[in-house]
Structure formats: structure tokens, C-alpha cells
$ cat coords.tsv   # TSV, C-alpha atoms and all ligand atoms
chain	number	residue	atom	x	y	z
A	236	MET	CA	-22.75	31.98	15.90
A	237	PRO	CA	-25.92	31.39	13.91
A	238	ASN	CA	-28.69	29.48	15.71
A	239	THR	CA	-29.92	26.09	14.54
A	240	THR	CA	-32.78	27.65	12.56
A	241	ASP	CA	-30.27	29.70	10.53
A	242	ILE	CA	-28.02	26.67	10.14
A	243	ILE	CA	-30.76	24.57	8.57
A	244	GLN	CA	-31.77	27.51	6.34
A	245	ASN	CA	-28.14	27.93	5.26
A	246	ALA	CA	-27.88	24.22	4.46
A	247	SER	CA	-31.11	24.39	2.51
A	248	ARG	CA	-29.88	27.34	0.45
A	249	ALA	CA	-26.51	25.72	-0.18
A	250	GLY	CA	-28.13	22.45	-1.32
A	251	LEU	CA	-26.56	20.63	1.62
A	252	VAL	CA	-28.08	18.51	4.36
A	253	ILE	CA	-27.57	18.51	8.12
A	254	PRO	CA	-27.43	15.00	9.53
A	255	ALA	CA	-28.93	14.49	12.98
A	256	PHE	CA	-27.26	11.52	14.66
A	257	ASN	CA	-29.28	9.71	17.30
A	258	VAL	CA	-27.35	8.48	20.34
A	259	PRO	CA	-29.28	5.68	22.09
A	260	TYR	CA	-26.11	4.87	24.09
A	261	LEU	CA	-24.24	7.68	25.85
A	262	PRO	CA	-20.73	6.52	24.80
A	263	MET	CA	-21.78	7.18	21.17
A	264	ILE	CA	-21.73	10.95	21.74
A	265	GLU	CA	-17.95	11.38	21.84
A	266	PRO	CA	-17.05	9.44	18.65
A	267	VAL	CA	-19.90	11.02	16.66
A	268	ILE	CA	-18.75	14.53	17.59
A	269	ARG	CA	-15.12	13.60	16.88
A	270	ALA	CA	-16.10	12.34	13.41
A	271	VAL	CA	-18.08	15.51	12.64
A	272	VAL	CA	-15.11	17.67	13.68
A	273	ASP	CA	-12.51	15.56	11.84
A	274	CYS	CA	-14.58	15.66	8.63
A	275	ASP	CA	-15.11	19.41	9.06
A	276	CYS	CA	-18.89	19.05	8.89
A	277	PHE	CA	-21.86	20.34	10.80
A	278	ALA	CA	-24.37	17.99	12.44
A	279	LEU	CA	-26.92	17.65	15.20
A	280	ILE	CA	-26.68	15.23	18.09
A	281	ALA	CA	-30.17	13.97	18.78
A	282	THR	CA	-32.02	11.98	21.36
A	283	ALA	CA	-35.61	10.78	21.19
A	284	ARG	CA	-37.89	9.73	24.02
A	285	LEU	CA	-37.85	6.11	22.94
A	286	GLU	CA	-34.07	6.07	23.27
A	287	TRP	CA	-34.26	6.53	27.01
A	288	ILE	CA	-37.26	4.23	27.32
A	289	LYS	CA	-36.17	1.39	25.03
A	290	PHE	CA	-32.40	1.93	24.87
A	291	GLU	CA	-29.80	3.32	27.26
A	292	SER	CA	-29.54	7.05	26.68
A	293	GLN	CA	-30.93	7.45	30.22
A	294	GLY	CA	-32.79	10.70	29.70
A	295	LEU	CA	-32.68	14.32	28.65
A	296	ARG	CA	-30.25	15.40	31.35
A	297	ALA	CA	-27.78	12.55	30.80
A	298	VAL	CA	-27.59	13.26	27.07
A	299	MET	CA	-27.23	16.99	27.68
A	300	GLU	CA	-24.39	16.38	30.14
A	301	GLY	CA	-22.68	13.97	27.75
A	302	PHE	CA	-23.01	16.51	24.98
A	303	ALA	CA	-21.70	19.35	27.13
A	304	LYS	CA	-18.55	17.36	27.83
A	305	TRP	CA	-17.61	17.09	24.13
A	306	GLU	CA	-19.49	20.03	22.67
A	307	LYS	CA	-17.93	21.90	19.72
A	308	PRO	CA	-20.29	24.80	18.95
A	309	ASP	CA	-18.82	25.33	15.47
A	310	HIS	CA	-19.70	21.76	14.53
A	311	VAL	CA	-22.58	20.35	16.57
A	312	ARG	CA	-25.83	21.31	18.26
A	313	LEU	CA	-28.12	19.35	20.53
A	314	HIS	CA	-31.57	18.42	19.23
A	315	LEU	CA	-34.52	16.78	20.95
A	316	ASP	CA	-35.92	14.27	18.46
A	317	HIS	CA	-39.40	12.62	18.56
A	318	VAL	CA	-41.44	13.50	21.58
A	319	PRO	CA	-44.67	11.80	20.55
A	320	VAL	CA	-48.08	12.98	21.67
A	321	VAL	CA	-49.19	9.36	21.36
A	322	ASP	CA	-46.28	6.93	21.34
A	323	GLU	CA	-45.42	3.86	19.23
A	324	ASP	CA	-47.28	1.67	21.73
A	325	GLY	CA	-50.43	3.81	21.63
A	326	LEU	CA	-49.87	5.50	25.01
A	327	GLN	CA	-50.51	9.19	25.72
A	328	VAL	CA	-47.30	11.05	26.52
A	329	ASP	CA	-46.89	14.16	28.70
A	330	TYR	CA	-45.10	15.79	25.77
A	331	LEU	CA	-45.26	19.37	27.05
A	332	ARG	CA	-43.49	18.44	30.27
A	333	ILE	CA	-40.67	16.69	28.38
A	334	ILE	CA	-40.25	19.54	25.90
A	335	ARG	CA	-40.27	22.18	28.63
A	336	GLU	CA	-37.59	20.26	30.48
A	337	ALA	CA	-35.45	20.00	27.34
A	338	ILE	CA	-35.71	23.73	26.71
A	339	GLU	CA	-34.71	24.46	30.30
A	340	LEU	CA	-31.74	22.12	29.98
A	341	GLY	CA	-30.53	24.04	26.93
A	342	TYR	CA	-31.51	21.84	24.00
A	343	GLN	CA	-31.11	23.97	20.89
A	344	SER	CA	-34.09	22.63	18.90
A	345	VAL	CA	-37.00	20.30	19.62
A	346	MET	CA	-39.42	18.04	17.80
A	347	VAL	CA	-43.02	17.25	18.63
A	348	ASP	CA	-44.53	14.27	16.86
A	349	GLY	CA	-48.30	14.48	16.59
A	350	SER	CA	-48.37	12.30	13.50
A	351	ARG	CA	-50.50	9.62	15.16
A	352	LEU	CA	-53.29	12.18	15.75
A	353	ASP	CA	-55.73	13.44	13.16
A	354	LEU	CA	-54.75	16.64	11.36
A	355	GLU	CA	-56.63	18.93	13.75
A	356	GLY	CA	-55.08	17.27	16.80
A	357	ASN	CA	-51.61	17.35	15.27
A	358	ILE	CA	-51.96	21.05	14.46
A	359	ALA	CA	-53.19	21.90	17.95
A	360	ALA	CA	-50.40	20.00	19.75
A	361	THR	CA	-47.71	21.29	17.40
A	362	ARG	CA	-48.85	24.88	17.73
A	363	GLN	CA	-48.45	24.70	21.52
A	364	VAL	CA	-44.91	23.39	21.20
A	365	VAL	CA	-43.97	25.92	18.52
A	366	GLU	CA	-45.04	28.69	20.90
A	367	LEU	CA	-42.91	27.24	23.70
A	368	ALA	CA	-39.90	26.79	21.42
A	369	HIS	CA	-40.16	30.19	19.79
A	370	SER	CA	-40.50	31.96	23.11
A	371	ALA	CA	-37.14	30.34	24.00
A	372	ARG	CA	-35.85	31.36	20.53
A	373	ILE	CA	-35.22	27.82	19.35
A	374	SER	CA	-36.68	25.91	16.41
A	375	CYS	CA	-39.42	23.34	16.38
A	376	GLU	CA	-39.77	20.39	14.04
A	377	ALA	CA	-43.14	18.72	13.44
A	378	GLU	CA	-44.16	15.55	11.65
A	379	LEU	CA	-47.03	14.84	9.30
A	380	GLY	CA	-47.70	11.53	7.60
A	381	ALA	CA	-46.73	8.09	8.80
A	382	VAL	CA	-43.04	7.31	8.90
A	383	LEU	CA	-43.56	3.69	9.91
A	384	GLY	CA	-41.13	1.35	11.64
A	385	HIS	CA	-41.16	2.27	15.33
A	386	GLU	CA	-44.31	0.29	16.05
A	387	ALA	CA	-44.05	-3.30	17.27
A	388	GLY	CA	-44.38	-6.00	14.62
A	389	PRO	CA	-43.13	-6.20	11.04
A	390	LEU	CA	-43.74	-3.54	8.39
A	391	PRO	CA	-46.11	-4.29	5.54
A	392	PRO	CA	-44.12	-5.47	2.48
A	393	TYR	CA	-42.02	-2.44	1.50
A	394	GLU	CA	-42.76	-2.42	-2.25
A	395	GLU	CA	-46.48	-2.51	-1.52
A	396	LEU	CA	-46.13	0.34	0.92
A	397	PHE	CA	-44.09	2.45	-1.48
A	398	ASN	CA	-46.23	1.83	-4.55
A	399	SER	CA	-49.48	2.55	-2.75
A	400	GLY	CA	-48.12	5.72	-1.13
A	401	LEU	CA	-49.73	4.51	2.11
A	402	GLY	CA	-49.07	7.02	4.89
A	403	PHE	CA	-47.32	9.54	2.61
A	404	THR	CA	-47.62	13.15	3.76
A	405	ASP	CA	-50.56	14.80	2.02
A	406	VAL	CA	-49.60	17.98	0.16
A	407	ASP	CA	-52.63	20.10	1.11
A	408	GLU	CA	-52.44	18.96	4.73
A	409	ALA	CA	-48.74	19.83	4.86
A	410	LYS	CA	-49.47	23.31	3.60
A	411	ARG	CA	-52.09	23.81	6.33
A	412	MET	CA	-49.87	22.26	8.98
A	413	VAL	CA	-47.02	24.68	8.37
A	414	ALA	CA	-49.24	27.73	7.91
A	415	GLU	CA	-51.28	27.09	11.05
A	416	THR	CA	-48.53	25.96	13.43
A	417	GLY	CA	-45.55	28.08	12.36
A	418	CYS	CA	-43.25	25.05	12.68
A	419	ASP	CA	-39.74	25.63	11.35
A	420	TRP	CA	-39.12	22.23	9.77
A	421	LEU	CA	-41.47	19.47	8.72
A	422	SER	CA	-40.69	15.76	8.83
A	423	VAL	CA	-42.37	14.09	5.86
A	424	ALA	CA	-43.22	10.57	4.75
A	425	ILE	CA	-42.27	9.92	1.11
A	426	GLY	CA	-41.22	6.26	1.26
A	427	ASN	CA	-38.78	6.57	4.18
A	428	VAL	CA	-39.15	4.21	7.13
A	429	HIS	CA	-37.74	4.19	10.65
A	430	GLY	CA	-35.46	1.40	11.83
A	431	ALA	CA	-37.28	-1.09	14.05
A	432	VAL	CA	-36.83	-0.54	17.78
A	433	SER	CA	-38.81	-3.35	19.36
A	434	GLY	CA	-37.79	-6.89	20.25
A	435	ALA	CA	-35.58	-8.91	17.94
A	436	LEU	CA	-36.53	-6.75	14.95
A	437	ARG	CA	-34.19	-3.99	16.14
A	438	ASP	CA	-31.16	-6.12	15.18
A	439	GLU	CA	-32.35	-6.79	11.63
A	440	LYS	CA	-30.96	-5.09	8.58
A	441	LYS	CA	-33.25	-2.29	7.44
A	442	VAL	CA	-35.04	-2.41	4.11
A	443	GLU	CA	-33.43	-0.34	1.38
A	444	ALA	CA	-35.92	2.49	1.13
A	445	LYS	CA	-36.80	4.48	-1.98
A	446	LEU	CA	-38.16	8.03	-2.00
A	447	ASN	CA	-40.91	9.52	-4.12
A	448	LEU	CA	-39.04	12.62	-5.28
A	449	ALA	CA	-41.90	14.14	-7.30
A	450	HIS	CA	-44.03	14.02	-4.18
A	451	LEU	CA	-41.22	15.60	-2.19
A	452	GLN	CA	-41.01	18.47	-4.66
A	453	GLN	CA	-44.73	19.10	-4.26
A	454	LEU	CA	-44.39	19.14	-0.48
A	455	ARG	CA	-41.53	21.58	-0.63
A	456	ASP	CA	-43.39	23.90	-3.02
A	457	ALA	CA	-46.52	23.79	-0.86
A	458	THR	CA	-44.86	24.37	2.52
A	459	GLY	CA	-41.87	26.60	1.80
A	460	VAL	CA	-39.97	25.30	4.84
A	461	PRO	CA	-36.93	23.01	5.05
A	462	LEU	CA	-38.10	19.41	5.12
A	463	VAL	CA	-36.74	16.59	7.24
A	464	LEU	CA	-36.17	12.98	6.29
A	465	HIS	CA	-36.45	10.50	9.13
A	466	GLY	CA	-35.17	6.97	8.68
A	467	GLY	CA	-32.02	8.12	6.88
A	468	SER	CA	-30.25	4.80	7.38
A	469	GLY	CA	-30.51	2.51	4.39
A	470	VAL	CA	-32.00	4.95	1.89
A	471	ARG	CA	-30.47	4.34	-1.53
A	472	ARG	CA	-27.79	7.00	-1.97
A	473	GLU	CA	-28.95	8.42	-5.31
A	474	TYR	CA	-32.41	9.00	-3.84
A	475	LEU	CA	-30.98	10.70	-0.80
A	476	LEU	CA	-28.80	13.07	-2.81
A	477	ASP	CA	-31.70	13.98	-5.10
A	478	ALA	CA	-33.94	14.53	-2.10
A	479	VAL	CA	-31.44	17.04	-0.71
A	480	LYS	CA	-31.64	18.98	-3.98
A	481	LYS	CA	-35.43	18.94	-3.70
A	482	GLY	CA	-35.80	20.31	-0.18
A	483	ILE	CA	-34.57	17.85	2.46
A	484	ALA	CA	-32.28	19.93	4.69
A	485	LYS	CA	-32.05	17.63	7.72
A	486	VAL	CA	-31.77	13.87	7.74
A	487	ASN	CA	-32.04	11.68	10.82
A	488	VAL	CA	-29.59	8.80	11.17
A	489	GLY	CA	-30.22	6.25	13.88
A	490	THR	CA	-30.05	2.58	12.95
A	491	GLU	CA	-26.81	2.73	10.97
A	492	ILE	CA	-24.63	3.92	13.86
A	493	ARG	CA	-26.65	2.20	16.60
A	494	GLN	CA	-26.16	-1.23	15.05
A	495	ALA	CA	-22.46	-0.50	14.45
A	496	TYR	CA	-22.12	0.24	18.18
A	497	GLU	CA	-24.13	-2.76	19.34
A	498	ARG	CA	-22.38	-5.25	17.04
A	499	ALA	CA	-18.90	-4.08	17.97
A	500	LEU	CA	-19.74	-4.08	21.66
A	501	GLN	CA	-21.16	-7.57	21.45
A	502	ALA	CA	-18.20	-8.91	19.47
A	503	SER	CA	-15.46	-7.32	21.57
A	504	GLY	CA	-17.01	-6.57	24.95
A	505	SER	CA	-15.16	-3.25	24.77
A	506	VAL	CA	-16.90	0.12	24.83
A	507	GLY	CA	-13.75	1.68	23.33
A	508	ALA	CA	-13.88	-0.68	20.35
A	509	ALA	CA	-17.58	0.06	19.89
A	510	GLN	CA	-16.86	3.80	19.99
A	511	GLN	CA	-14.17	3.38	17.34
A	512	GLU	CA	-16.69	1.56	15.14
A	513	VAL	CA	-19.17	4.45	15.57
A	514	TYR	CA	-16.42	6.93	14.70
A	515	GLU	CA	-15.56	5.09	11.49
A	516	ARG	CA	-19.18	4.58	10.49
A	517	THR	CA	-19.97	8.27	11.08
A	518	CYS	CA	-16.91	9.37	9.05
A	519	TRP	CA	-18.00	7.06	6.25
A	520	LEU	CA	-21.53	8.51	6.31
A	521	LEU	CA	-20.31	12.10	6.29
A	522	ARG	CA	-17.61	11.64	3.65
A	523	ASP	CA	-18.78	8.91	1.32
A	524	TYR	CA	-22.54	8.69	1.72
A	525	PHE	CA	-23.65	12.31	2.26
A	526	GLY	CA	-20.56	13.84	0.59
A	527	LEU	CA	-20.36	16.54	3.27
A	528	ALA	CA	-16.66	16.56	4.20
A	529	GLY	CA	-15.30	20.11	4.40
A	530	THR	CA	-18.70	21.82	4.07
A	531	ARG	CA	-18.94	23.32	7.56
A	532	SER	CA	-17.98	26.87	6.59
A	533	GLN	CA	-20.76	26.94	3.95
A	534	ILE	CA	-23.22	26.15	6.72
A	535	THR	CA	-22.03	28.21	9.67
A	536	GLY	CA	-20.81	31.11	7.53
B	1	ZN	ZN	-38.01	9.73	13.29

$ encode --input "coords.tsv" --output "C-alpha cells"
Amino acid sequence: MPNTTDIIQNASRAGLVIPAFNVPYLPMIEPVIRAVVDCDCFALIATARLEWIKFESQGLRAVMEGFAKWEKPDHVRLHLDHVPVVDEDGLQVDYLRIIREAIELGYQSVMVDGSRLDLEGNIAATRQVVELAHSARISCEAELGAVLGHEAGPLPPYEELFNSGLGFTDVDEAKRMVAETGCDWLSVAIGNVHGAVSGALRDEKKVEAKLNLAHLQQLRDATGVPLVLHGGSGVRREYLLDAVKKGIAKVNVGTEIRQAYERALQASGSVGAAQQEVYERTCWLLRDYFGLAGTRSQITG
């Protein structure tokens, strides 16, 4: 079987995208994997630090054990999403300890998020993690630019944010970042925003994000690596599909399936009903939104 680095490269070459589904609640793992298998797709199951701090994924080991129970190596891999160097609340994180633990537990790719540091700091932190990941022969994702939304408090008005290009990944910086760290994939900011995770905002419908595709093309040309789009929920479909043609090979999906789970659980009180809702939402995303049904063999070879 190809490793996750090859898988993302294959997707990139085939003009396809690999969705990474975040699982802030452990019962989401089973229906997401079932949907990926039933749609004959390939996807990553992902957990981020804030999902065990602010939600109920419980931690690296719990997610790994949940994944191992339902694992289908032809269809899914386990990815460690956002381990921030400085988190959404401004606190320093012992990111190396978390990433080392994930690698020991068998996570098949990792992400370090130094995007709240200056460029030099981001490069230095990312380079350390790339070395760790590569010595374990797994891939490392980095982030440059400000994909807003995880911080407490409301976003600035979206149109203003998009039109000003505030926080967008700088092309020259991206080129340096990839060259100097050796990261395998780069998460970029081109108009995408994260779903809110704090307080009452986490239940709100996300803004419909647009993407600056010309800027994306420049980033792809400058870096030469597969690019990652965070905040995949709520991006207008035509933008998303164009972005895949222009270099996005991995897209993170969190809010869309999290809110489906939470709403169904709240309405029914039944975890089984909430899982069914996640299954249906994930199938819809794979088939109708990303148009990926039946593409697995193009990706795994
Ligand atoms: Zn993200």
C-alpha cells in the first residue's frame, strides 16, 4: 500500500482531492469510515488538539483506538490535524511532545501549526517537526497565513476580509517556508475560514466562503507541493472544485459533520441516530459535493 504522502501526490496528479474528516466526538469515526467505504473513496480521519480540549474526542490515544477498531487501510488513514505552537487562546503548547506521542501511537501523518508565529519562528518550529515526521517516514503538513475562525469572538465581516486579502498566505513567504522546512503539504489562507469552536458561536451556520483562485495558482507555482484547504465546510462548490484543479489536494472538513452529529443527538437523544446523520452527511459530501464516489482506485493505485 502507498503511504499517505504518495496518496496525496496521486490525488494531486489525478486532479482529485482527499478529504480529511475531523472527529470531535468518538462515535463519529465509525459512520465516517463506513461512508468512505460505501462511496468507494479515500479519505483521512483527523483529530486536532482543540477537539480533545474543547470537544469530546478525548485525546490522541482514544481516537487512535477508535480508528483501529474500524480501520480500512484501502480507504482511510489517520491524520493528526492542528497541533499549534501557540494556540487559539494565545497559550504556548508543548507541540513536540504531542507530535512525538502521535507518531509513537501510529498516526500516519501530522500537522504542526506555527501560523501564529512570525515567519522565522514558523519555519524553525516546522522544520523540527518535519525532521521528526520524516525520520518516522510519515508526512508533515504546515500552515502559513491566517485561516481565521478558531479564535474566540466573531470574525471581521467576511466580504471585508476577502476583499482586503487580510491574512492571505504570502507567495514569497510560502516559497521560503516549503524550501526551508521540507514540509510535504502546505495549508494556505486564500479566503477560507475555520468553523467557530468557542462558546455559542460554534453552533452558528458558517459563512459561505469564497476562494481567491488566482492567488492559489501563484502559491502552487511558487511552492510545488500539494496544498491544503482548511475550513472546507461551507465553501461555495464551484470555488472548491476549481481550487482542486489549481493545486488543493487535501481539504479539511469539520463543521459540516460536527453540527450534523450535534443537532441529531440533541433532537433525538440517540447516538445511533446521530451516527446515521453523520453517515448520510459524509456520503452527500463525498458523492454530491466533492464528486469523489468511485475514485479510490485512482488514488491508491
Ligand atoms: Zn484547520

$ closest_residue --input "coords.tsv" --among "A:Val365, A:Leu454, A:Val272, A:Ile264" --to "A:Leu331" --atoms "only C-alpha atoms"
A:Val365

$ closest_atom_pairs --input "coords.tsv" --of "chain A" --to "ligand ZN 1 (chain B)" --cutoff "8 Å" --atoms "only C-alpha atoms and all ligand atoms" --output "Markdown table"
| residue | atom | partner | partner_atom | distance |
| --- | --- | --- | --- | --- |
| A:Asp316 | CA | B:ZN1 | ZN | 7.2 |
| A:His317 | CA | B:ZN1 | ZN | 6.2 |
| A:Val382 | CA | B:ZN1 | ZN | 7.1 |
| A:Ser422 | CA | B:ZN1 | ZN | 8.0 |
| A:His429 | CA | B:ZN1 | ZN | 6.1 |
| A:Leu464 | CA | B:ZN1 | ZN | 7.9 |
| A:His465 | CA | B:ZN1 | ZN | 4.5 |
| A:Gly466 | CA | B:ZN1 | ZN | 6.1 |
| A:Asn487 | CA | B:ZN1 | ZN | 6.7 |

$ closest_residue --input "coords.tsv" --among "A:Ala337, A:Ala303, A:Val423, A:Ala444" --to "A:Glu394" --atoms "all atoms listed in the file"
A:Ala444

$ closest_atom_pairs --input "coords.tsv" --of "stretch 268-381 of chain A" --to "stretch 241-261 of chain A" --cutoff "6 Å" --atoms "all atoms listed in the file" --output "Markdown table"
| residue | atom | partner | partner_atom | distance |
| --- | --- | --- | --- | --- |
| A:Ala278 | CA | A:Pro254 | CA | 5.2 |
| A:Leu279 | CA | A:Ala255 | CA | 4.4 |
| A:Ile280 | CA | A:Phe256 | CA | 5.1 |
| A:Ala281 | CA | A:Asn257 | CA | 4.6 |
| A:Thr282 | CA | A:Asn257 | CA | 5.4 |
| A:Glu286 | CA | A:Pro259 | CA | 4.9 |
| A:Phe290 | CA | A:Pro259 | CA | 5.6 |
| A:Glu291 | CA | A:Tyr260 | CA | 5.1 |
| A:Ser292 | CA | A:Pro259 | CA | 4.8 |

$ atom_distance --input "coords.tsv" --atom1 "atom CA of A:Tyr393" --atom2 "atom CA of A:Asp456"
26.8 Å

$ residues_around --input "coords.tsv" --residues "A:Asp438" --least-positions-apart "4" --cutoff "12 Å" --atoms "all atoms listed in the file" --output "list in words"
Gly430, Ala431, Val432, Ser433, Gly434, Thr490, Glu491, Arg493, Gln494, Ala495, Tyr496, Glu497, Arg498 and Gln501 of chain A

$ atom_distance --input "coords.tsv" --atom1 "atom CA of A:Ile425" --atom2 "atom CA of A:Val311"
27.1 Å

$ closest_residue --input "coords.tsv" --among "A:Asp309, A:Asp523, A:Glu336, A:Asp348" --to "A:Arg296" --atoms "only C-alpha atoms"
A:Glu336

$ residues_near_point --input "coords.tsv" --point "(-38.1, 18.1, 8.8)" --cutoff "10 Å" --atoms "all atoms listed in the file" --output "ChimeraX atom specification"
/A:243,346,375-379,418-424,460-465,482-487

$ closest_residue --input "coords.tsv" --among "A:Ala478, A:Ala457, A:Leu383, A:Leu401" --to "A:Ala414" --atoms "all atoms listed in the file"
A:Ala457

$ atom_distance --input "coords.tsv" --atom1 "atom CA of A:Val470" --atom2 "atom CA of A:Thr361"
27.5 Å

$ closest_residue --input "coords.tsv" --among "A:Met299, A:Ile338, A:Arg516, A:Tyr524" --to "A:Leu476" --atoms "all atoms listed in the file"
A:Tyr524

$ closest_residue --input "coords.tsv" --among "A:Leu354, A:Leu475, A:Val442, A:His310" --to "A:Cys274" --atoms "only C-alpha atoms"
A:His310
